[in-house]
Structures are given as C-alpha cells and as structure tokens.
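What follows is a short report on a single structure.
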Amino acid sequence: MTESSSRPVSVDIRVLELLASKLCHDLVSPVGAIRNGLELIEEMQEDEEGGSAVGGFLGEAVKLIDHSSGQADRRLRVFRLAYGVAGRDQKGFGDARAAAAGYVEGGRTRLDWPERVPHDMTAQRRGVVKLVLNLVMLADEALTHGGLVSVAADGDETAGRITVTAAGRPGTLNPEAAAALAGTAGAEALTPRTIHAYLAGRLAESDGFRIAVATESSERLVFTAEW
C-alpha cells in the first residue's frame, strides 16, 4: 500500500447529505410503486366473488407485503430528513414529527412530541430539525425493550435547548454508541450499530450544536442539545 492510499480521507458533511438524499430519492419511488400495486390487488380481491383458498393465501401475502413496504416507506422518510439535505432545509417541525411517529409505529416505543414543540420559529436555526429527529432516533435505539421518548424545548433560533428523554429499559447509552456520538471513536471502531450515533454527533457539530447525554436513573436517559 502506498503512503497516499493509506491516508484518512476527509468527507464534507454536505457530500454525505447529498448521498443520503440520492439514496432515499431513488428508493422512495419503487417502494411507493409496491404500495400502489398492493392497493390494486386489494381492489381486485374486493371485486371477486367467494373466498377461495388461493384468495386466502393471496390475502395473507398482501398483508405481509403491505406491512413490510409500509415500514420501509416510513423509515425512508425518516432517513431522508435525518441524513439528507431535506432535513437541513425544513422551516417547521411538522414533517419531522410525522416521520418520527411513523418510525416508531408498530414497535415497543411510544413518542410524545407535542405540536408546536419546538416552536416553528426555532426551525429557522440551521439544522435544528435534523438535530431533533436524530436525537429521537438515538433515544429509540437506547430503549431496546421499549418505553417512551419525549421531546421538550425552550428558547428560539438564536439561543435555546432541545431535550429528548428516553424513559424505559434499559435507559442507557452503551459505551460504544456514546463514544461514537462524542466523536472519540475512530472510524475503524464504528459498526452498523454505532454509525447513527456517530453521524448524529458530526451533523450536530457541523451546525454548532452542543450535545450532552445524562443517565438520570436505570430507566431514564436524557439527551440535551444547546446552541
């Protein structure tokens, strides 16, 4: 290996965001087409007379595909905002709130993200919508046995604080994820389980946010971001 090829490569944050945007954009259309096809099959079933065994098997297959494609669609919406350029360009929290609700739908985690929290004027702060969504995803990851993720905020676009609380078991952030979030873990130490924490930390840093993590009890983990 030559000296030049062994050097670490620095990648601009916007390059990563554009890559995420492209991936999500390219996948949204085929996932949407699957769902449209399922709706057509369901309409055809409703028009058929009787209930044959084939129709029963087809119905079960439709339900399975519908569930899986729906889950993929909801996750793509989250990834588009959390990792892509779209999240940085948002001027309100409505889309992110809806995406976060879809992300935890069907799982063991519940989401308490009231409307107008944070106030939409806060969204004028660059990257804050992306920040909240990434923290919600981190909180959900920490609750391996399910629980409640709640969002609170105060301040405005010039100075403020976002608080995302994970209440439930185990209510802790594992050391590897904590190191990835703080940026103290090297690229060689990252895994598929810690890459989100790493990206969340670097995206927050690029927009001037300071993130702190506190384990208040065995069942309560609090993420705080300030600017």
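Letters for chains follow the order of the structure tokens (A, B, ...), residue numbers begin at 1 for each chain, and ligand numbers begin at 1 in the order shown.
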Selection: 12 Å around Ala185 of chain A, only C-alpha atoms, excl. self and same-chain fewer than 4 positions, as a VMD selection string: chain A and resid 175 to 181 189 to 191 194 to 195 197 to 199 201 to 202
Can you list, as a compact mmCIF listing (two decimals) with N, CA and C atoms, in the first residue's frame, every residue of segment 8-223 of chain A that DSSP puts in helix (DSSP H, G or I)?
```txt
# COMPACT_ATOMS: atom_id res chain seq x y z
N ILE A 13 -19.46 17.20 5.08
CA ILE A 13 -20.78 16.82 5.58
C ILE A 13 -21.84 16.93 4.49
N ARG A 14 -21.76 17.96 3.67
CA ARG A 14 -22.77 18.14 2.62
C ARG A 14 -22.70 17.01 1.60
N VAL A 15 -21.52 16.47 1.36
CA VAL A 15 -21.40 15.33 0.44
C VAL A 15 -22.18 14.15 1.00
N LEU A 16 -22.06 13.89 2.30
CA LEU A 16 -22.80 12.80 2.93
C LEU A 16 -24.30 13.05 2.84
N GLU A 17 -24.71 14.30 3.07
CA GLU A 17 -26.14 14.64 3.00
C GLU A 17 -26.68 14.42 1.60
N LEU A 18 -25.92 14.83 0.59
CA LEU A 18 -26.36 14.66 -0.79
C LEU A 18 -26.45 13.19 -1.16
N LEU A 19 -25.51 12.37 -0.66
CA LEU A 19 -25.56 10.94 -0.92
C LEU A 19 -26.81 10.33 -0.29
N ALA A 20 -27.09 10.72 0.96
CA ALA A 20 -28.28 10.21 1.64
C ALA A 20 -29.55 10.63 0.89
N SER A 21 -29.58 11.87 0.41
CA SER A 21 -30.73 12.36 -0.34
C SER A 21 -30.95 11.54 -1.61
N LYS A 22 -29.86 11.24 -2.30
CA LYS A 22 -29.97 10.46 -3.54
C LYS A 22 -30.50 9.05 -3.25
N LEU A 23 -29.94 8.40 -2.22
CA LEU A 23 -30.37 7.04 -1.89
C LEU A 23 -31.86 7.01 -1.55
N CYS A 24 -32.28 7.94 -0.71
CA CYS A 24 -33.68 7.98 -0.31
C CYS A 24 -34.57 8.29 -1.50
N HIS A 25 -34.15 9.25 -2.33
CA HIS A 25 -34.95 9.62 -3.50
C HIS A 25 -35.11 8.44 -4.45
N ASP A 26 -34.02 7.69 -4.67
CA ASP A 26 -34.07 6.57 -5.60
C ASP A 26 -34.92 5.41 -5.07
N LEU A 27 -35.02 5.30 -3.75
CA LEU A 27 -35.77 4.18 -3.15
C LEU A 27 -37.23 4.51 -2.90
N VAL A 28 -37.55 5.78 -2.74
CA VAL A 28 -38.93 6.16 -2.44
C VAL A 28 -39.88 5.74 -3.56
N SER A 29 -39.49 5.96 -4.82
CA SER A 29 -40.38 5.65 -5.94
C SER A 29 -40.72 4.17 -6.03
N PRO A 30 -39.74 3.24 -6.00
CA PRO A 30 -40.12 1.82 -6.08
C PRO A 30 -40.92 1.35 -4.88
N VAL A 31 -40.63 1.87 -3.69
CA VAL A 31 -41.42 1.48 -2.52
C VAL A 31 -42.86 1.98 -2.69
N GLY A 32 -43.00 3.19 -3.20
CA GLY A 32 -44.34 3.72 -3.44
C GLY A 32 -45.09 2.92 -4.49
N ALA A 33 -44.35 2.45 -5.51
CA ALA A 33 -44.99 1.64 -6.56
C ALA A 33 -45.49 0.32 -5.99
N ILE A 34 -44.75 -0.27 -5.07
CA ILE A 34 -45.19 -1.51 -4.42
C ILE A 34 -46.51 -1.28 -3.71
N ARG A 35 -46.59 -0.19 -2.98
CA ARG A 35 -47.81 0.10 -2.24
C ARG A 35 -48.98 0.35 -3.18
N ASN A 36 -48.72 1.02 -4.28
CA ASN A 36 -49.80 1.24 -5.26
C ASN A 36 -50.27 -0.08 -5.85
N GLY A 37 -49.33 -0.99 -6.12
CA GLY A 37 -49.70 -2.30 -6.64
C GLY A 37 -50.53 -3.09 -5.65
N LEU A 38 -50.19 -2.98 -4.38
CA LEU A 38 -50.95 -3.67 -3.34
C LEU A 38 -52.38 -3.16 -3.28
N GLU A 39 -52.53 -1.86 -3.40
CA GLU A 39 -53.88 -1.29 -3.38
C GLU A 39 -54.71 -1.81 -4.55
N LEU A 40 -54.06 -1.97 -5.70
CA LEU A 40 -54.75 -2.50 -6.88
C LEU A 40 -55.18 -3.95 -6.65
N ILE A 41 -54.28 -4.76 -6.06
CA ILE A 41 -54.62 -6.16 -5.76
C ILE A 41 -55.79 -6.24 -4.80
N GLU A 42 -55.77 -5.36 -3.79
CA GLU A 42 -56.86 -5.36 -2.81
C GLU A 42 -58.19 -5.01 -3.47
N GLU A 43 -58.15 -4.08 -4.41
CA GLU A 43 -59.38 -3.72 -5.13
C GLU A 43 -59.88 -4.90 -5.97
N MET A 44 -58.95 -5.64 -6.58
CA MET A 44 -59.32 -6.80 -7.38
C MET A 44 -59.94 -7.89 -6.51
N GLN A 45 -59.40 -8.06 -5.30
CA GLN A 45 -59.94 -9.05 -4.38
C GLN A 45 -61.37 -8.70 -3.97
N GLU A 46 -61.60 -7.41 -3.75
CA GLU A 46 -62.94 -6.98 -3.33
C GLU A 46 -63.96 -7.23 -4.43
N ASP A 47 -63.49 -7.22 -5.70
CA ASP A 47 -64.41 -7.42 -6.83
C ASP A 47 -64.71 -8.89 -7.08
N ALA A 53 -59.35 -20.71 -1.57
CA ALA A 53 -58.11 -20.87 -0.82
C ALA A 53 -57.00 -20.01 -1.40
N VAL A 54 -56.98 -19.93 -2.74
CA VAL A 54 -55.97 -19.09 -3.39
C VAL A 54 -56.13 -17.64 -2.96
N GLY A 55 -57.39 -17.23 -2.91
CA GLY A 55 -57.65 -15.86 -2.48
C GLY A 55 -57.20 -15.63 -1.06
N GLY A 56 -57.35 -16.66 -0.21
CA GLY A 56 -56.91 -16.53 1.18
C GLY A 56 -55.41 -16.38 1.29
N PHE A 57 -54.67 -17.22 0.53
CA PHE A 57 -53.21 -17.13 0.54
C PHE A 57 -52.76 -15.77 -0.01
N LEU A 58 -53.44 -15.33 -1.06
CA LEU A 58 -53.10 -14.05 -1.66
C LEU A 58 -53.33 -12.92 -0.67
N GLY A 59 -54.41 -13.03 0.07
CA GLY A 59 -54.70 -12.01 1.07
C GLY A 59 -53.63 -11.92 2.14
N GLU A 60 -53.14 -13.07 2.59
CA GLU A 60 -52.07 -13.09 3.60
C GLU A 60 -50.79 -12.50 3.04
N ALA A 61 -50.50 -12.83 1.76
CA ALA A 61 -49.30 -12.30 1.12
C ALA A 61 -49.38 -10.78 1.00
N VAL A 62 -50.56 -10.30 0.65
CA VAL A 62 -50.77 -8.86 0.52
C VAL A 62 -50.54 -8.17 1.86
N LYS A 63 -51.05 -8.76 2.93
CA LYS A 63 -50.87 -8.17 4.26
C LYS A 63 -49.39 -8.09 4.63
N LEU A 64 -48.66 -9.16 4.35
CA LEU A 64 -47.24 -9.19 4.68
C LEU A 64 -46.47 -8.15 3.89
N ILE A 65 -46.73 -8.09 2.58
CA ILE A 65 -46.04 -7.12 1.73
C ILE A 65 -46.42 -5.70 2.12
N ASP A 66 -47.69 -5.51 2.44
CA ASP A 66 -48.17 -4.18 2.83
C ASP A 66 -47.47 -3.71 4.10
N HIS A 67 -47.34 -4.61 5.07
CA HIS A 67 -46.67 -4.26 6.32
C HIS A 67 -45.21 -3.90 6.07
N SER A 68 -44.52 -4.72 5.29
CA SER A 68 -43.09 -4.51 5.05
C SER A 68 -42.83 -3.25 4.23
N SER A 69 -43.64 -3.04 3.19
CA SER A 69 -43.44 -1.86 2.35
C SER A 69 -43.80 -0.59 3.13
N GLY A 70 -44.80 -0.68 3.99
CA GLY A 70 -45.16 0.47 4.82
C GLY A 70 -44.05 0.84 5.77
N GLN A 71 -43.43 -0.17 6.37
CA GLN A 71 -42.31 0.07 7.28
C GLN A 71 -41.14 0.69 6.52
N ALA A 72 -40.83 0.16 5.33
CA ALA A 72 -39.74 0.71 4.53
C ALA A 72 -40.01 2.15 4.15
N ASP A 73 -41.26 2.45 3.79
CA ASP A 73 -41.64 3.80 3.40
C ASP A 73 -41.45 4.77 4.57
N ARG A 74 -41.88 4.36 5.76
CA ARG A 74 -41.76 5.23 6.93
C ARG A 74 -40.30 5.48 7.31
N ARG A 75 -39.49 4.44 7.19
CA ARG A 75 -38.08 4.60 7.52
C ARG A 75 -37.35 5.48 6.50
N LEU A 76 -37.70 5.35 5.25
CA LEU A 76 -37.10 6.20 4.23
C LEU A 76 -37.40 7.67 4.49
N ARG A 77 -38.63 7.95 4.93
CA ARG A 77 -39.00 9.33 5.22
C ARG A 77 -38.15 9.89 6.36
N VAL A 78 -37.86 9.05 7.35
CA VAL A 78 -37.01 9.48 8.46
C VAL A 78 -35.58 9.69 7.99
N PHE A 79 -35.03 8.72 7.25
CA PHE A 79 -33.65 8.82 6.80
C PHE A 79 -33.44 10.04 5.90
N ARG A 80 -34.44 10.33 5.08
CA ARG A 80 -34.33 11.49 4.17
C ARG A 80 -34.14 12.78 4.96
N LEU A 81 -34.87 12.93 6.08
CA LEU A 81 -34.77 14.14 6.88
C LEU A 81 -33.58 14.11 7.84
N ALA A 82 -33.28 12.93 8.40
CA ALA A 82 -32.23 12.82 9.40
C ALA A 82 -30.83 12.89 8.79
N TYR A 83 -30.67 12.34 7.58
CA TYR A 83 -29.34 12.27 6.97
C TYR A 83 -29.19 13.16 5.74
N VAL A 85 -30.15 16.35 2.78
CA VAL A 85 -30.22 17.81 2.74
C VAL A 85 -31.60 18.32 3.14
N ALA A 86 -32.63 17.52 2.87
CA ALA A 86 -34.00 17.97 3.14
C ALA A 86 -34.19 18.37 4.61
N GLY A 87 -33.57 17.63 5.52
CA GLY A 87 -33.73 17.95 6.94
C GLY A 87 -33.15 19.29 7.30
N ARG A 88 -32.10 19.68 6.63
CA ARG A 88 -31.47 20.97 6.92
C ARG A 88 -32.30 22.14 6.37
N ASP A 89 -33.09 21.86 5.35
CA ASP A 89 -33.86 22.91 4.70
C ASP A 89 -35.26 23.09 5.28
N GLY A 94 -43.30 19.95 11.53
CA GLY A 94 -44.41 19.06 11.23
C GLY A 94 -44.00 17.79 10.52
N ASP A 95 -43.21 17.92 9.45
CA ASP A 95 -42.79 16.74 8.69
C ASP A 95 -41.92 15.82 9.53
N ALA A 96 -41.02 16.41 10.33
CA ALA A 96 -40.13 15.60 11.16
C ALA A 96 -40.92 14.88 12.25
N ARG A 97 -41.91 15.57 12.82
CA ARG A 97 -42.74 14.94 13.87
C ARG A 97 -43.51 13.75 13.29
N ALA A 98 -44.09 13.94 12.10
CA ALA A 98 -44.84 12.86 11.46
C ALA A 98 -43.91 11.71 11.10
N ALA A 99 -42.71 12.04 10.62
CA ALA A 99 -41.74 10.99 10.25
C ALA A 99 -41.31 10.21 11.49
N ALA A 100 -41.09 10.89 12.60
CA ALA A 100 -40.68 10.22 13.83
C ALA A 100 -41.78 9.32 14.35
N ALA A 101 -43.03 9.77 14.25
CA ALA A 101 -44.16 8.95 14.68
C ALA A 101 -44.24 7.68 13.85
N GLY A 102 -44.01 7.81 12.54
CA GLY A 102 -44.02 6.65 11.66
C GLY A 102 -42.86 5.71 11.94
N TYR A 103 -41.73 6.27 12.35
CA TYR A 103 -40.53 5.48 12.62
C TYR A 103 -40.75 4.51 13.78
N VAL A 104 -41.46 4.95 14.82
CA VAL A 104 -41.68 4.09 15.99
C VAL A 104 -42.97 3.29 15.89
N ASP A 120 -42.16 26.72 15.85
CA ASP A 120 -41.69 26.70 14.47
C ASP A 120 -40.66 27.79 14.17
N MET A 121 -40.66 28.87 14.92
CA MET A 121 -39.64 29.90 14.71
C MET A 121 -38.24 29.35 14.99
N THR A 122 -38.17 28.36 15.89
CA THR A 122 -36.88 27.74 16.20
C THR A 122 -36.31 27.05 14.98
N ALA A 123 -37.19 26.61 14.08
CA ALA A 123 -36.74 25.89 12.89
C ALA A 123 -35.92 26.78 11.95
N GLN A 124 -35.93 28.09 12.20
CA GLN A 124 -35.09 28.98 11.40
C GLN A 124 -33.61 28.75 11.70
N VAL A 128 -31.62 22.50 12.96
CA VAL A 128 -32.26 22.10 14.21
C VAL A 128 -33.30 21.00 14.00
N VAL A 129 -34.00 21.00 12.86
CA VAL A 129 -34.98 19.94 12.59
C VAL A 129 -34.28 18.59 12.48
N LYS A 130 -33.17 18.57 11.75
CA LYS A 130 -32.36 17.36 11.61
C LYS A 130 -31.87 16.91 12.99
N LEU A 131 -31.47 17.85 13.82
CA LEU A 131 -30.96 17.55 15.16
C LEU A 131 -32.00 16.82 16.00
N VAL A 132 -33.22 17.36 16.08
CA VAL A 132 -34.26 16.75 16.91
C VAL A 132 -34.56 15.33 16.43
N LEU A 133 -34.68 15.16 15.14
CA LEU A 133 -35.02 13.85 14.60
C LEU A 133 -33.92 12.82 14.91
N ASN A 134 -32.67 13.23 14.80
CA ASN A 134 -31.57 12.33 15.11
C ASN A 134 -31.55 11.95 16.59
N LEU A 135 -31.88 12.89 17.46
CA LEU A 135 -31.92 12.59 18.89
C LEU A 135 -33.06 11.64 19.22
N VAL A 136 -34.19 11.81 18.56
CA VAL A 136 -35.32 10.88 18.77
C VAL A 136 -34.91 9.47 18.35
N MET A 137 -34.20 9.35 17.24
CA MET A 137 -33.75 8.04 16.78
C MET A 137 -32.76 7.43 17.76
N LEU A 138 -31.86 8.26 18.32
CA LEU A 138 -30.91 7.77 19.32
C LEU A 138 -31.64 7.27 20.57
N ALA A 139 -32.65 8.03 21.00
CA ALA A 139 -33.41 7.64 22.19
C ALA A 139 -34.13 6.31 21.95
N ASP A 140 -34.69 6.15 20.75
CA ASP A 140 -35.38 4.91 20.43
C ASP A 140 -34.41 3.73 20.43
N GLU A 141 -33.21 3.94 19.90
CA GLU A 141 -32.21 2.88 19.87
C GLU A 141 -31.81 2.45 21.29
N ALA A 142 -31.78 3.41 22.22
CA ALA A 142 -31.38 3.10 23.59
C ALA A 142 -32.42 2.25 24.31
N PRO A 175 -21.50 2.16 25.86
CA PRO A 175 -20.24 2.90 25.74
C PRO A 175 -19.80 3.13 24.30
N GLU A 176 -20.00 2.15 23.45
CA GLU A 176 -19.59 2.28 22.05
C GLU A 176 -20.38 3.39 21.35
N ALA A 177 -21.69 3.43 21.58
CA ALA A 177 -22.52 4.47 20.97
C ALA A 177 -22.19 5.83 21.55
N ALA A 178 -21.89 5.88 22.86
CA ALA A 178 -21.53 7.15 23.49
C ALA A 178 -20.24 7.70 22.91
N ALA A 179 -19.27 6.81 22.69
CA ALA A 179 -18.00 7.24 22.09
C ALA A 179 -18.20 7.71 20.66
N ALA A 180 -19.06 7.01 19.93
CA ALA A 180 -19.34 7.40 18.55
C ALA A 180 -20.02 8.77 18.50
N LEU A 181 -20.99 9.00 19.38
CA LEU A 181 -21.69 10.28 19.43
C LEU A 181 -20.73 11.41 19.77
N ALA A 182 -19.82 11.17 20.72
CA ALA A 182 -18.87 12.20 21.13
C ALA A 182 -17.76 12.42 20.11
N ALA A 187 -12.81 5.78 13.06
CA ALA A 187 -13.62 5.19 12.00
C ALA A 187 -13.55 3.67 12.03
N GLU A 188 -12.37 3.13 12.40
CA GLU A 188 -12.21 1.68 12.40
C GLU A 188 -13.01 1.01 13.51
N ALA A 189 -13.42 1.78 14.52
CA ALA A 189 -14.18 1.22 15.65
C ALA A 189 -15.68 1.28 15.41
N ILE A 195 -23.07 3.63 13.89
CA ILE A 195 -22.88 4.64 12.85
C ILE A 195 -23.89 5.78 12.97
N HIS A 196 -25.12 5.48 13.41
CA HIS A 196 -26.09 6.57 13.55
C HIS A 196 -25.64 7.56 14.61
N ALA A 197 -25.17 7.05 15.75
CA ALA A 197 -24.71 7.95 16.81
C ALA A 197 -23.56 8.81 16.31
N TYR A 198 -22.66 8.22 15.54
CA TYR A 198 -21.53 8.97 15.01
C TYR A 198 -21.99 10.08 14.07
N LEU A 199 -22.86 9.74 13.13
CA LEU A 199 -23.34 10.74 12.17
C LEU A 199 -24.16 11.82 12.88
N ALA A 200 -24.97 11.42 13.86
CA ALA A 200 -25.77 12.41 14.59
C ALA A 200 -24.86 13.42 15.27
N GLY A 201 -23.78 12.94 15.87
CA GLY A 201 -22.84 13.85 16.53
C GLY A 201 -22.13 14.77 15.57
N ARG A 202 -21.70 14.24 14.43
CA ARG A 202 -20.95 15.07 13.48
C ARG A 202 -21.87 16.08 12.79
N LEU A 203 -23.10 15.67 12.47
CA LEU A 203 -24.05 16.60 11.86
C LEU A 203 -24.38 17.73 12.82
N ALA A 204 -24.54 17.39 14.10
CA ALA A 204 -24.83 18.42 15.11
C ALA A 204 -23.66 19.38 15.24
N GLU A 205 -22.45 18.85 15.29
CA GLU A 205 -21.26 19.69 15.39
C GLU A 205 -21.15 20.65 14.21
N SER A 206 -21.47 20.14 13.01
CA SER A 206 -21.33 20.97 11.81
C SER A 206 -22.26 22.17 11.84
```
Could you tell me how far atom CA of Gly127 of chain A sits from atom CA of Ala167 of chain A, in Å to one decimal place?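 For atom CA of Ala167 of chain A relative to atom CA of Gly127 of chain A, the distance reads 25.4 Å.
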What residues in segment 29-204 of chain A get the DSSP label strand (DSSP E)? Please answer as a PyMOL selection string. chain A and resi 109-112+147-155+160-168
Restricted to C-alpha atoms, what would the selected residues look like written as a CSV table (one decimal), in the first residue's frame?
```csv
chain,number,residue,atom,x,y,z
A,109,THR,CA,-41.5,2.6,21.8
A,110,ARG,CA,-44.1,5.4,22.1
A,111,LEU,CA,-43.5,9.0,21.1
A,112,ASP,CA,-44.6,12.1,23.0
A,147,GLY,CA,-40.6,2.8,26.5
A,148,LEU,CA,-41.4,6.4,26.0
A,149,VAL,CA,-39.5,9.0,24.0
A,150,SER,CA,-40.5,12.6,24.8
A,151,VAL,CA,-39.4,15.9,23.2
A,152,ALA,CA,-39.2,19.3,25.0
A,153,ALA,CA,-37.7,22.6,24.1
A,154,ASP,CA,-37.2,26.2,25.1
A,155,GLY,CA,-35.5,29.2,23.6
A,160,GLY,CA,-32.1,27.5,23.0
A,161,ARG,CA,-32.2,23.9,24.2
A,162,ILE,CA,-33.7,20.7,23.0
A,163,THR,CA,-34.3,17.9,25.4
A,164,VAL,CA,-35.1,14.3,24.3
A,165,THR,CA,-35.8,11.9,27.1
A,166,ALA,CA,-35.8,8.1,26.8
A,167,ALA,CA,-37.8,6.5,29.7
A,168,GLY,CA,-37.8,2.8,29.9
```
Nearest to Phe223 of chain A: which of A:Thr144, A:Gly183, A:Arg193, A:Leu173 is it, counting only C-alpha atoms?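 Between A:Thr144, A:Gly183, A:Arg193, A:Leu173, the residue approaching Phe223 of chain A most closely is A:Leu173.
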Rounded to one decimal in Å, what is the spacing between atom CA of Arg125 of chain A and atom CA of Glu157 of chain A?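 Taking atom CA of Arg125 of chain A and atom CA of Glu157 of chain A, their separation equals 4.7 Å.
Picture a line from atom CA of Asp156 of chain A to atom CA of Asp12 of chain A; it runs 27.8 Å.
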